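For reference, my_file.tsv (TSV, C-alpha atoms):
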chain	number	residue	atom	x	y	z
A	1	MET	CA	52.73	-138.61	-128.46
A	2	GLN	CA	54.40	-141.66	-126.87
A	3	GLN	CA	53.64	-143.35	-123.57
A	4	TRP	CA	55.08	-146.31	-121.69
A	5	THR	CA	52.33	-148.64	-120.42
A	6	CYS	CA	52.88	-151.45	-117.94
A	7	THR	CA	50.47	-153.93	-119.55
A	8	GLN	CA	51.16	-156.72	-117.05
A	9	PRO	CA	53.81	-157.50	-114.44
A	10	GLY	CA	57.25	-157.41	-116.03
A	11	ILE	CA	56.09	-155.93	-119.36
A	12	PHE	CA	56.31	-152.34	-120.64
A	13	GLU	CA	54.93	-151.39	-124.05
A	14	LEU	CA	55.79	-148.17	-125.88
A	15	GLN	CA	52.54	-146.90	-127.37
A	16	GLU	CA	51.45	-144.07	-129.65
A	17	THR	CA	48.41	-142.00	-128.65
A	18	GLU	CA	46.91	-138.54	-129.00
A	19	ILE	CA	48.04	-135.50	-126.98
A	20	PRO	CA	45.36	-135.07	-124.29
A	21	HIS	CA	42.65	-132.43	-124.53
A	22	ARG	CA	42.86	-129.62	-121.94
A	23	PRO	CA	39.45	-128.98	-120.32
A	24	HIS	CA	38.63	-125.71	-118.55
A	25	GLY	CA	40.51	-125.46	-115.26
A	26	PHE	CA	43.25	-127.81	-116.49
A	27	SER	CA	46.76	-127.20	-117.85
A	28	LEU	CA	48.61	-129.08	-120.56
A	29	LEU	CA	52.04	-130.11	-119.29
A	30	ARG	CA	55.06	-131.71	-120.92
A	31	ILE	CA	57.08	-134.24	-118.91
A	32	LYS	CA	60.68	-133.12	-118.26
A	33	ALA	CA	61.84	-135.68	-115.68
A	34	ILE	CA	60.36	-138.66	-113.83
A	35	GLY	CA	61.67	-139.99	-110.54
A	36	ILE	CA	61.45	-143.76	-110.21
A	37	CYS	CA	59.61	-144.72	-107.04
A	38	GLY	CA	59.46	-147.98	-105.12
A	39	THR	CA	55.77	-148.03	-106.04
A	40	ASP	CA	56.73	-148.08	-109.73
A	41	ILE	CA	59.21	-150.91	-109.18
A	42	HIS	CA	56.72	-152.95	-107.12
A	43	ALA	CA	54.00	-152.38	-109.71
A	44	PHE	CA	56.30	-153.55	-112.49
A	45	ALA	CA	57.17	-156.62	-110.41
A	46	GLY	CA	53.49	-157.36	-109.69
A	47	ASN	CA	53.48	-156.95	-105.90
A	48	GLN	CA	52.06	-153.45	-105.39
A	49	PRO	CA	48.82	-153.15	-103.34
A	50	PHE	CA	45.85	-151.22	-104.80
A	51	PHE	CA	47.02	-151.83	-108.37
A	52	GLN	CA	45.45	-152.94	-111.63
A	53	TYR	CA	46.85	-153.45	-115.14
A	54	PRO	CA	47.32	-152.00	-117.69
A	55	ARG	CA	48.65	-148.81	-116.12
A	56	ILE	CA	50.88	-145.89	-117.05
A	57	LEU	CA	53.23	-145.49	-114.09
A	58	GLY	CA	55.01	-142.40	-112.81
A	59	HIS	CA	54.05	-139.79	-110.20
A	60	GLU	CA	57.34	-138.12	-109.19
A	61	LEU	CA	57.38	-135.47	-111.87
A	62	ALA	CA	59.01	-132.32	-113.16
A	63	LEU	CA	56.96	-130.75	-115.95
A	64	GLU	CA	56.91	-127.77	-118.28
A	65	VAL	CA	53.73	-125.77	-118.81
A	66	VAL	CA	52.57	-125.90	-122.43
A	67	GLU	CA	49.08	-124.37	-122.25
A	68	SER	CA	47.33	-122.95	-119.19
A	69	ASP	CA	44.98	-120.21	-118.03
A	70	ARG	CA	46.71	-120.07	-114.63
A	71	PHE	CA	50.42	-120.78	-115.21
A	72	THR	CA	52.95	-119.29	-117.61
A	73	ALA	CA	53.91	-121.31	-120.67
A	74	GLY	CA	57.49	-122.54	-120.34
A	75	GLU	CA	57.69	-122.47	-116.54
A	76	LEU	CA	58.68	-125.60	-114.62
A	77	VAL	CA	56.23	-127.13	-112.16
A	78	THR	CA	55.59	-130.25	-110.15
A	79	ILE	CA	52.33	-131.86	-109.07
A	80	ILE	CA	50.58	-133.24	-106.01
A	81	PRO	CA	49.64	-136.66	-107.41
A	82	TYR	CA	46.89	-137.50	-104.89
A	83	PHE	CA	43.53	-136.69	-106.44
A	84	ASN	CA	40.91	-136.19	-103.74
A	85	CYS	CA	37.15	-135.80	-103.51
A	86	GLN	CA	37.11	-132.72	-101.20
A	87	THR	CA	33.92	-133.97	-99.50
A	88	CYS	CA	34.76	-137.06	-97.39
A	89	SER	CA	35.56	-136.88	-93.67
A	90	ALA	CA	39.32	-136.91	-94.26
A	91	CYS	CA	39.18	-134.14	-96.87
A	92	VAL	CA	36.98	-131.95	-94.66
A	93	GLN	CA	39.68	-132.26	-91.97
A	94	GLY	CA	42.34	-131.23	-94.48
A	95	LYS	CA	43.73	-134.78	-94.67
A	96	THR	CA	43.48	-135.02	-98.44
A	97	ASN	CA	46.42	-137.43	-98.40
A	98	CYS	CA	44.13	-140.18	-97.06
A	99	CYS	CA	40.91	-139.23	-98.86
A	100	GLU	CA	38.36	-142.05	-98.76
A	101	ASN	CA	38.07	-141.85	-102.54
A	102	ILE	CA	41.69	-141.06	-103.34
A	103	GLN	CA	43.04	-141.63	-106.83
A	104	VAL	CA	46.84	-141.65	-106.87
A	105	PHE	CA	48.33	-140.62	-110.19
A	106	GLY	CA	50.23	-143.56	-111.66
A	107	VAL	CA	48.62	-146.05	-109.26
A	108	HIS	CA	44.83	-145.79	-109.43
A	109	THR	CA	44.86	-143.66	-112.60
A	110	ASP	CA	47.32	-143.44	-115.48
A	111	GLY	CA	50.43	-141.49	-114.54
A	112	GLY	CA	53.30	-139.55	-116.02
A	113	MET	CA	55.34	-141.95	-118.19
A	114	ARG	CA	54.11	-140.16	-121.30
A	115	GLU	CA	55.07	-137.06	-123.20
A	116	TYR	CA	52.14	-134.85	-122.15
A	117	ILE	CA	49.46	-134.83	-119.47
A	118	ALA	CA	46.44	-132.59	-118.86
A	119	LEU	CA	46.00	-131.96	-115.16
A	120	GLU	CA	43.59	-129.97	-113.00
A	121	ASP	CA	45.23	-126.73	-111.92
A	122	ARG	CA	44.67	-127.27	-108.20
A	123	TYR	CA	47.21	-130.11	-108.22
A	124	ILE	CA	49.98	-128.08	-109.88
A	125	LEU	CA	52.73	-126.34	-107.89
A	126	THR	CA	54.93	-123.75	-109.59
A	127	GLY	CA	58.66	-124.42	-109.35
A	128	ASN	CA	59.78	-120.84	-108.62
A	129	GLY	CA	63.37	-121.49	-109.68
A	130	LEU	CA	63.73	-125.14	-108.69
A	131	THR	CA	65.46	-127.43	-111.18
A	132	SER	CA	63.92	-130.43	-112.92
A	133	ASP	CA	65.88	-132.78	-110.64
A	134	GLU	CA	64.62	-131.00	-107.54
A	135	LEU	CA	61.02	-130.93	-108.74
A	136	ALA	CA	61.11	-134.64	-109.60
A	137	LEU	CA	62.07	-135.43	-106.00
A	138	VAL	CA	59.61	-133.12	-104.23
A	139	GLU	CA	56.96	-135.84	-103.87
A	140	PRO	CA	59.12	-138.54	-102.18
A	141	LEU	CA	60.72	-135.91	-99.97
A	142	SER	CA	57.21	-134.79	-98.99
A	143	ILE	CA	56.25	-138.36	-98.04
A	144	ALA	CA	59.23	-138.43	-95.69
A	145	ALA	CA	58.40	-134.98	-94.33
A	146	HIS	CA	54.83	-136.09	-93.65
A	147	GLY	CA	55.97	-139.13	-91.66
A	148	VAL	CA	58.31	-137.02	-89.55
A	149	ARG	CA	55.57	-134.44	-88.99
A	150	ARG	CA	53.11	-137.19	-87.99
A	151	GLY	CA	55.55	-138.26	-85.29
A	152	LYS	CA	56.12	-134.70	-84.03
A	153	ILE	CA	59.81	-135.55	-83.86
A	154	GLN	CA	61.82	-133.16	-81.70
A	155	ALA	CA	65.46	-132.04	-81.49
A	156	GLY	CA	67.56	-134.55	-79.56
A	157	GLU	CA	65.05	-137.39	-79.94
A	158	LYS	CA	66.52	-140.83	-80.60
A	159	VAL	CA	65.02	-142.19	-83.81
A	160	LEU	CA	65.53	-145.45	-85.66
A	161	VAL	CA	64.75	-145.48	-89.37
A	162	MET	CA	64.33	-148.98	-90.75
A	163	GLY	CA	65.32	-149.20	-94.39
A	164	ALA	CA	67.67	-147.01	-96.43
A	165	GLY	CA	65.89	-147.00	-99.74
A	166	PRO	CA	64.96	-143.57	-101.10
A	167	ILE	CA	62.06	-142.99	-98.68
A	168	GLY	CA	64.15	-144.18	-95.74
A	169	LEU	CA	67.01	-141.90	-96.76
A	170	PHE	CA	64.69	-138.94	-97.18
A	171	THR	CA	63.12	-139.73	-93.79
A	172	ILE	CA	66.56	-139.66	-92.20
A	173	LEU	CA	67.21	-136.33	-93.90
A	174	MET	CA	63.93	-134.81	-92.70
A	175	ALA	CA	64.38	-136.06	-89.13
A	176	LYS	CA	67.93	-134.66	-89.05
A	177	ILE	CA	66.57	-131.27	-90.16
A	178	GLN	CA	64.38	-131.43	-87.03
A	179	GLY	CA	67.50	-132.06	-84.95
A	180	ALA	CA	66.84	-135.71	-84.10
A	181	ASN	CA	69.62	-138.21	-83.45
A	182	ILE	CA	69.22	-140.93	-86.07
A	183	ASP	CA	70.30	-144.54	-86.41
A	184	VAL	CA	69.45	-146.73	-89.38
A	185	ALA	CA	68.65	-150.44	-89.72
A	186	GLU	CA	69.76	-151.52	-93.20
A	187	PRO	CA	71.22	-154.90	-94.23
A	188	ASN	CA	72.54	-153.72	-97.61
A	189	PRO	CA	76.22	-152.71	-97.13
A	190	ALA	CA	76.19	-150.23	-100.03
A	191	ARG	CA	73.15	-148.41	-98.70
A	192	LEU	CA	74.55	-148.40	-95.17
A	193	ALA	CA	77.78	-146.93	-96.52
A	194	PHE	CA	75.74	-144.24	-98.31
A	195	CYS	CA	74.08	-143.33	-94.98
A	196	GLU	CA	77.43	-143.04	-93.24
A	197	GLU	CA	79.12	-141.05	-96.01
A	198	ASN	CA	76.30	-138.69	-97.01
A	199	LEU	CA	74.06	-138.40	-93.94
A	200	SER	CA	76.50	-139.11	-91.07
A	201	VAL	CA	74.18	-141.84	-89.82
A	202	SER	CA	75.34	-145.22	-88.58
A	203	SER	CA	73.84	-148.64	-87.97
A	204	ALA	CA	71.51	-149.14	-84.98
A	205	SER	CA	73.50	-148.72	-81.76
A	206	GLN	CA	70.95	-149.34	-79.02
A	207	THR	CA	68.09	-151.68	-78.17
A	208	THR	CA	65.08	-149.36	-78.18
A	209	TYR	CA	64.15	-145.93	-79.54
A	210	GLN	CA	61.60	-143.26	-78.71
A	211	THR	CA	60.52	-143.27	-82.35
A	212	VAL	CA	60.85	-146.14	-84.80
A	213	ILE	CA	59.98	-145.48	-88.44
A	214	ASP	CA	59.57	-148.28	-90.95
A	215	ALA	CA	60.43	-147.36	-94.54
A	216	THR	CA	60.92	-150.92	-95.79
A	217	GLY	CA	57.39	-152.16	-96.44
A	218	ASN	CA	58.82	-155.60	-95.65
A	219	LYS	CA	56.62	-157.81	-93.46
A	220	ALA	CA	59.46	-159.35	-91.42
A	221	ALA	CA	61.15	-155.98	-90.94
A	222	ILE	CA	57.92	-154.30	-89.86
A	223	GLU	CA	57.17	-157.02	-87.32
A	224	SER	CA	60.72	-156.86	-85.93
A	225	GLY	CA	60.31	-153.14	-85.32
A	226	PHE	CA	57.81	-153.57	-82.48
A	227	ALA	CA	60.56	-154.85	-80.17
A	228	LYS	CA	62.61	-151.72	-80.87
A	229	ILE	CA	60.04	-149.26	-79.45
A	230	ALA	CA	61.00	-147.76	-76.07
A	231	HIS	CA	58.43	-147.53	-73.27
A	232	GLY	CA	56.21	-144.58	-74.07
A	233	GLY	CA	57.49	-144.59	-77.64
A	234	GLN	CA	55.91	-144.65	-81.07
A	235	TYR	CA	56.07	-146.65	-84.28
A	236	ILE	CA	55.37	-144.94	-87.60
A	237	LEU	CA	54.70	-147.07	-90.68
A	238	ILE	CA	55.58	-145.25	-93.88
A	239	GLY	CA	56.34	-148.49	-95.71
A	240	LEU	CA	53.32	-150.41	-96.97
A	241	GLN	CA	52.84	-154.17	-96.70
A	242	LYS	CA	49.87	-155.85	-98.38
A	243	GLU	CA	49.75	-158.82	-95.97
A	244	ALA	CA	48.59	-158.86	-92.33
A	245	ILE	CA	51.22	-157.94	-89.75
A	246	SER	CA	51.30	-159.27	-86.19
A	247	PHE	CA	52.90	-158.36	-82.87
A	248	ILE	CA	52.84	-159.57	-79.29
A	249	HIS	CA	50.12	-157.52	-77.65
A	250	PRO	CA	51.43	-157.64	-74.03
A	251	GLU	CA	54.85	-156.39	-75.16
A	252	PHE	CA	53.26	-153.54	-77.10
A	253	HIS	CA	50.70	-152.80	-74.38
A	254	LYS	CA	53.17	-152.58	-71.49
A	255	ARG	CA	55.08	-149.90	-73.35
A	256	GLU	CA	51.89	-147.85	-73.84
A	257	ALA	CA	53.27	-147.44	-77.33
A	258	THR	CA	51.63	-145.60	-80.21
A	259	LEU	CA	51.26	-147.20	-83.64
A	260	MET	CA	50.45	-144.97	-86.59
A	261	SER	CA	50.50	-145.07	-90.36
A	262	SER	CA	51.72	-142.28	-92.58
A	263	ARG	CA	50.19	-142.10	-96.05
A	264	ASN	CA	51.26	-139.83	-98.89
A	265	ALA	CA	51.61	-136.11	-98.02
A	266	THR	CA	49.62	-132.89	-97.85
A	267	ILE	CA	50.13	-129.56	-99.56
A	268	ALA	CA	51.73	-128.32	-96.32
A	269	ASP	CA	54.41	-131.00	-96.69
A	270	PHE	CA	54.99	-130.14	-100.36
A	271	THR	CA	55.30	-126.43	-99.54
A	272	TYR	CA	57.70	-127.17	-96.67
A	273	VAL	CA	59.93	-129.35	-98.85
A	274	MET	CA	60.00	-126.84	-101.70
A	275	ASP	CA	61.01	-124.10	-99.26
A	276	LEU	CA	63.85	-126.31	-97.96
A	277	LEU	CA	65.02	-126.87	-101.53
A	278	ARG	CA	64.88	-123.16	-102.40
A	279	THR	CA	66.91	-122.27	-99.30
A	280	GLN	CA	69.43	-125.02	-100.14
A	281	GLN	CA	68.82	-126.95	-96.94
A	282	ILE	CA	68.40	-130.04	-99.13
A	283	ASP	CA	70.79	-131.11	-101.87
A	284	VAL	CA	69.26	-133.75	-104.15
A	285	ASN	CA	72.45	-134.44	-106.11
A	286	PRO	CA	73.94	-137.14	-103.83
A	287	PHE	CA	70.76	-139.20	-104.13
A	288	ILE	CA	70.50	-139.27	-107.93
A	289	ARG	CA	72.78	-142.12	-108.94
A	290	HIS	CA	71.37	-143.08	-112.31
A	291	ARG	CA	69.69	-141.46	-115.29
A	292	PHE	CA	68.23	-143.14	-118.31
A	293	ASP	CA	66.81	-142.04	-121.58
A	294	TRP	CA	63.15	-142.19	-122.50
A	295	SER	CA	63.79	-144.88	-125.11
A	296	THR	CA	65.34	-147.33	-122.60
A	297	VAL	CA	62.54	-147.47	-120.00
A	298	GLY	CA	61.44	-150.99	-120.91
A	299	ALA	CA	64.94	-152.42	-120.71
A	300	GLU	CA	66.07	-150.52	-117.61
A	301	PHE	CA	63.14	-151.65	-115.46
A	302	GLN	CA	64.22	-155.26	-115.84
A	303	SER	CA	67.21	-154.69	-113.59
A	304	ILE	CA	66.73	-151.37	-111.83
A	305	HIS	CA	66.01	-153.09	-108.50
A	306	GLU	CA	69.10	-155.33	-108.52
A	307	PRO	CA	71.37	-154.57	-105.52
A	308	GLU	CA	74.58	-154.81	-107.54
A	309	ARG	CA	73.54	-151.74	-109.55
A	310	LYS	CA	73.65	-149.70	-106.32
A	311	ILE	CA	70.98	-147.28	-107.55
A	312	ILE	CA	69.70	-144.91	-104.88
A	313	LYS	CA	67.43	-142.75	-107.03
A	314	ALA	CA	66.94	-143.01	-110.78
A	315	ILE	CA	65.59	-140.32	-113.08
A	316	ILE	CA	63.99	-140.83	-116.50
A	317	GLN	CA	64.63	-137.90	-118.82
A	318	GLY	CA	61.52	-136.78	-120.69
A	319	LYS	CA	61.34	-137.49	-124.40
A	320	LYS	CA	63.23	-134.86	-126.39
Encoding of this model in structure tokens:
Amino acid sequence: MQQWTCTQPGIFELQETEIPHRPHGFSLLRIKAIGICGTDIHAFAGNQPFFQYPRILGHELALEVVESDRFTAGELVTIIPYFNCQTCSACVQGKTNCCENIQVFGVHTDGGMREYIALEDRYILTGNGLTSDELALVEPLSIAAHGVRRGKIQAGEKVLVMGAGPIGLFTILMAKIQGANIDVAEPNPARLAFCEENLSVSSASQTTYQTVIDATGNKAAIESGFAKIAHGGQYILIGLQKEAISFIHPEFHKREATLMSSRNATIADFTYVMDLLRTQQIDVNPFIRHRFDWSTVGAEFQSIHEPERKIIKAIIQGKK
């Protein structure tokens, strides 16, 4: 089989290797579609935290069952790409998304930019009628759902989402499903126009918000968000920054504000998102603005992040 390996920042190599062996309790899966994540782009650029090279990227996946003792050959599935130990304090509490020993597929371990993978059955979720496009976007939608759930966002709540990349857009979508009133902070005119046209969300219209959610991962943006928290409000960091961030403690303290991180997602978030997709409360089609063939991965990644391409979400089609 073939696999794309990021051997060092800025370099993909197309390699030949053996189809993986399927141990007991695992299924052999064939890749049908791969969603391109900000993590993949940052890893390719060399600025992703918790990352080592060489690495096979890819964790937003739609797959077809090839061999399994639990699933039916030919059915479409997706995966929960956060491999957990089941024994640490976080896992015992059901917070497998922040396991102390977590291994994220495509980040800490080799991921899905290959023709076949063998994966433990407990991480596989049957598609039950969802399309390859929908299944490839379940994971990023679940990250957004987890952040909104962390904040216990309510109907009518004023929320500011900072950043209108894919995670920011999906966060807006999930908060709107909860009935929140959303504004967005986004300097890119094309992305702001997408928010207005597809999500009926406009640029920030007030000074402070009950909930501020960062989906940029940008140090300056994150630090600017502290001033946007209303008294008694909260700040949720979905975006990840590898440097130290700072804020003025008296300004934060006088608000009695809450600061929290939101990492990955749990099976409850995945199940929730898949139910929303099955009941057509989410339409993934407006978000998928680019598709590219398996053979062009190396070339496409050189420019996929460039603003002039206006890519919201890109999908790699599995090798045919």
Determine, for each residue of segment 36-84 of chain A having at least one atom at most 12 Å from an atom of segment 126-142 of chain A, the closest pair of atoms and their separation in Å to one decimal, counting only C-alpha atoms; order by chain and ascending number, as JSON lines.
{"residue": "A:Ile36", "atom": "CA", "partner": "A:Ala136", "partner_atom": "CA", "distance": 9.1}
{"residue": "A:Cys37", "atom": "CA", "partner": "A:Pro140", "partner_atom": "CA", "distance": 7.9}
{"residue": "A:Gly38", "atom": "CA", "partner": "A:Pro140", "partner_atom": "CA", "distance": 9.9}
{"residue": "A:Thr39", "atom": "CA", "partner": "A:Pro140", "partner_atom": "CA", "distance": 10.8}
{"residue": "A:Gly58", "atom": "CA", "partner": "A:Ala136", "partner_atom": "CA", "distance": 10.4}
{"residue": "A:His59", "atom": "CA", "partner": "A:Glu139", "partner_atom": "CA", "distance": 8.0}
{"residue": "A:Glu60", "atom": "CA", "partner": "A:Ala136", "partner_atom": "CA", "distance": 5.1}
{"residue": "A:Leu61", "atom": "CA", "partner": "A:Ala136", "partner_atom": "CA", "distance": 4.4}
{"residue": "A:Ala62", "atom": "CA", "partner": "A:Ala136", "partner_atom": "CA", "distance": 4.7}
{"residue": "A:Leu63", "atom": "CA", "partner": "A:Ser132", "partner_atom": "CA", "distance": 7.6}
{"residue": "A:Glu64", "atom": "CA", "partner": "A:Ser132", "partner_atom": "CA", "distance": 9.2}
{"residue": "A:Val65", "atom": "CA", "partner": "A:Thr126", "partner_atom": "CA", "distance": 9.5}
{"residue": "A:Arg70", "atom": "CA", "partner": "A:Thr126", "partner_atom": "CA", "distance": 10.3}
{"residue": "A:Phe71", "atom": "CA", "partner": "A:Thr126", "partner_atom": "CA", "distance": 7.8}
{"residue": "A:Thr72", "atom": "CA", "partner": "A:Thr126", "partner_atom": "CA", "distance": 9.4}
{"residue": "A:Ala73", "atom": "CA", "partner": "A:Thr126", "partner_atom": "CA", "distance": 11.4}
{"residue": "A:Gly74", "atom": "CA", "partner": "A:Thr126", "partner_atom": "CA", "distance": 11.1}
{"residue": "A:Glu75", "atom": "CA", "partner": "A:Gly127", "partner_atom": "CA", "distance": 7.5}
{"residue": "A:Leu76", "atom": "CA", "partner": "A:Gly127", "partner_atom": "CA", "distance": 5.4}
{"residue": "A:Val77", "atom": "CA", "partner": "A:Thr126", "partner_atom": "CA", "distance": 4.4}
{"residue": "A:Thr78", "atom": "CA", "partner": "A:Leu135", "partner_atom": "CA", "distance": 5.7}
{"residue": "A:Ile79", "atom": "CA", "partner": "A:Glu139", "partner_atom": "CA", "distance": 8.0}
{"residue": "A:Ile80", "atom": "CA", "partner": "A:Glu139", "partner_atom": "CA", "distance": 7.2}
{"residue": "A:Pro81", "atom": "CA", "partner": "A:Glu139", "partner_atom": "CA", "distance": 8.2}
{"residue": "A:Tyr82", "atom": "CA", "partner": "A:Glu139", "partner_atom": "CA", "distance": 10.3}
Leaving out segment 268-282 of chain A and any residue of its chain fewer than 2 positions from it, which residues lie within 6 Å of it when counting only C-alpha atoms, given as a compact mmCIF listing (two decimals) with C-alpha atoms, in the frame of the given file?
# COMPACT_ATOMS: atom_id res chain seq x y z
CA SER A 142 57.21 -134.79 -98.99
CA HIS A 146 54.83 -136.09 -93.65
CA ALA A 265 51.61 -136.11 -98.02
CA THR A 266 49.62 -132.89 -97.85
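Atom to atom, atom CA of Phe51 of chain A and atom CA of Arg191 of chain A stand 28.1 Å apart.
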Polymer residues at most 6 Å from segment 159-175 of chain A, only C-alpha atoms, same-chain spacing of 3 or more positions, as an MDAnalysis selection string: chainID A and resid 141 144:145 178 180 182:186 209 211:216
Between atom CA of His108 of chain A and atom CA of Ser89 of chain A, distance in Å (one decimal):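 We find that atom CA of His108 of chain A and atom CA of Ser89 of chain A lie 20.3 Å from each other.
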Given all atoms listed in the file as the counted atoms, nearest of A:Thr207, A:Ala155, A:Ser202, A:Gln48 to Gly239 of chain A: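 The closest residue to Gly239 of chain A is A:Gln48.
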For atom CA of Cys99 of chain A and atom CA of Glu120 of chain A, the interatomic separation in Å (one decimal):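 Between atom CA of Cys99 of chain A and atom CA of Glu120 of chain A the gap works out to 17.1 Å.
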Show which residues sit within 8 Å of Glu16 of chain A, as a short mmCIF file (atom, residue, chain, number, x, y, z; two decimals) with C-alpha atoms, in the coordinates of the input. Count only C-alpha atoms, and ignore same-chain residues fewer than 5 positions away.
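Full text of result.cif as output:
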data_model
loop_
_atom_site.label_atom_id
_atom_site.label_comp_id
_atom_site.auth_asym_id
_atom_site.auth_seq_id
_atom_site.Cartn_x
_atom_site.Cartn_y
_atom_site.Cartn_z
CA MET A 1 52.73 -138.61 -128.46
CA GLN A 2 54.40 -141.66 -126.87
CA GLN A 3 53.64 -143.35 -123.57
#
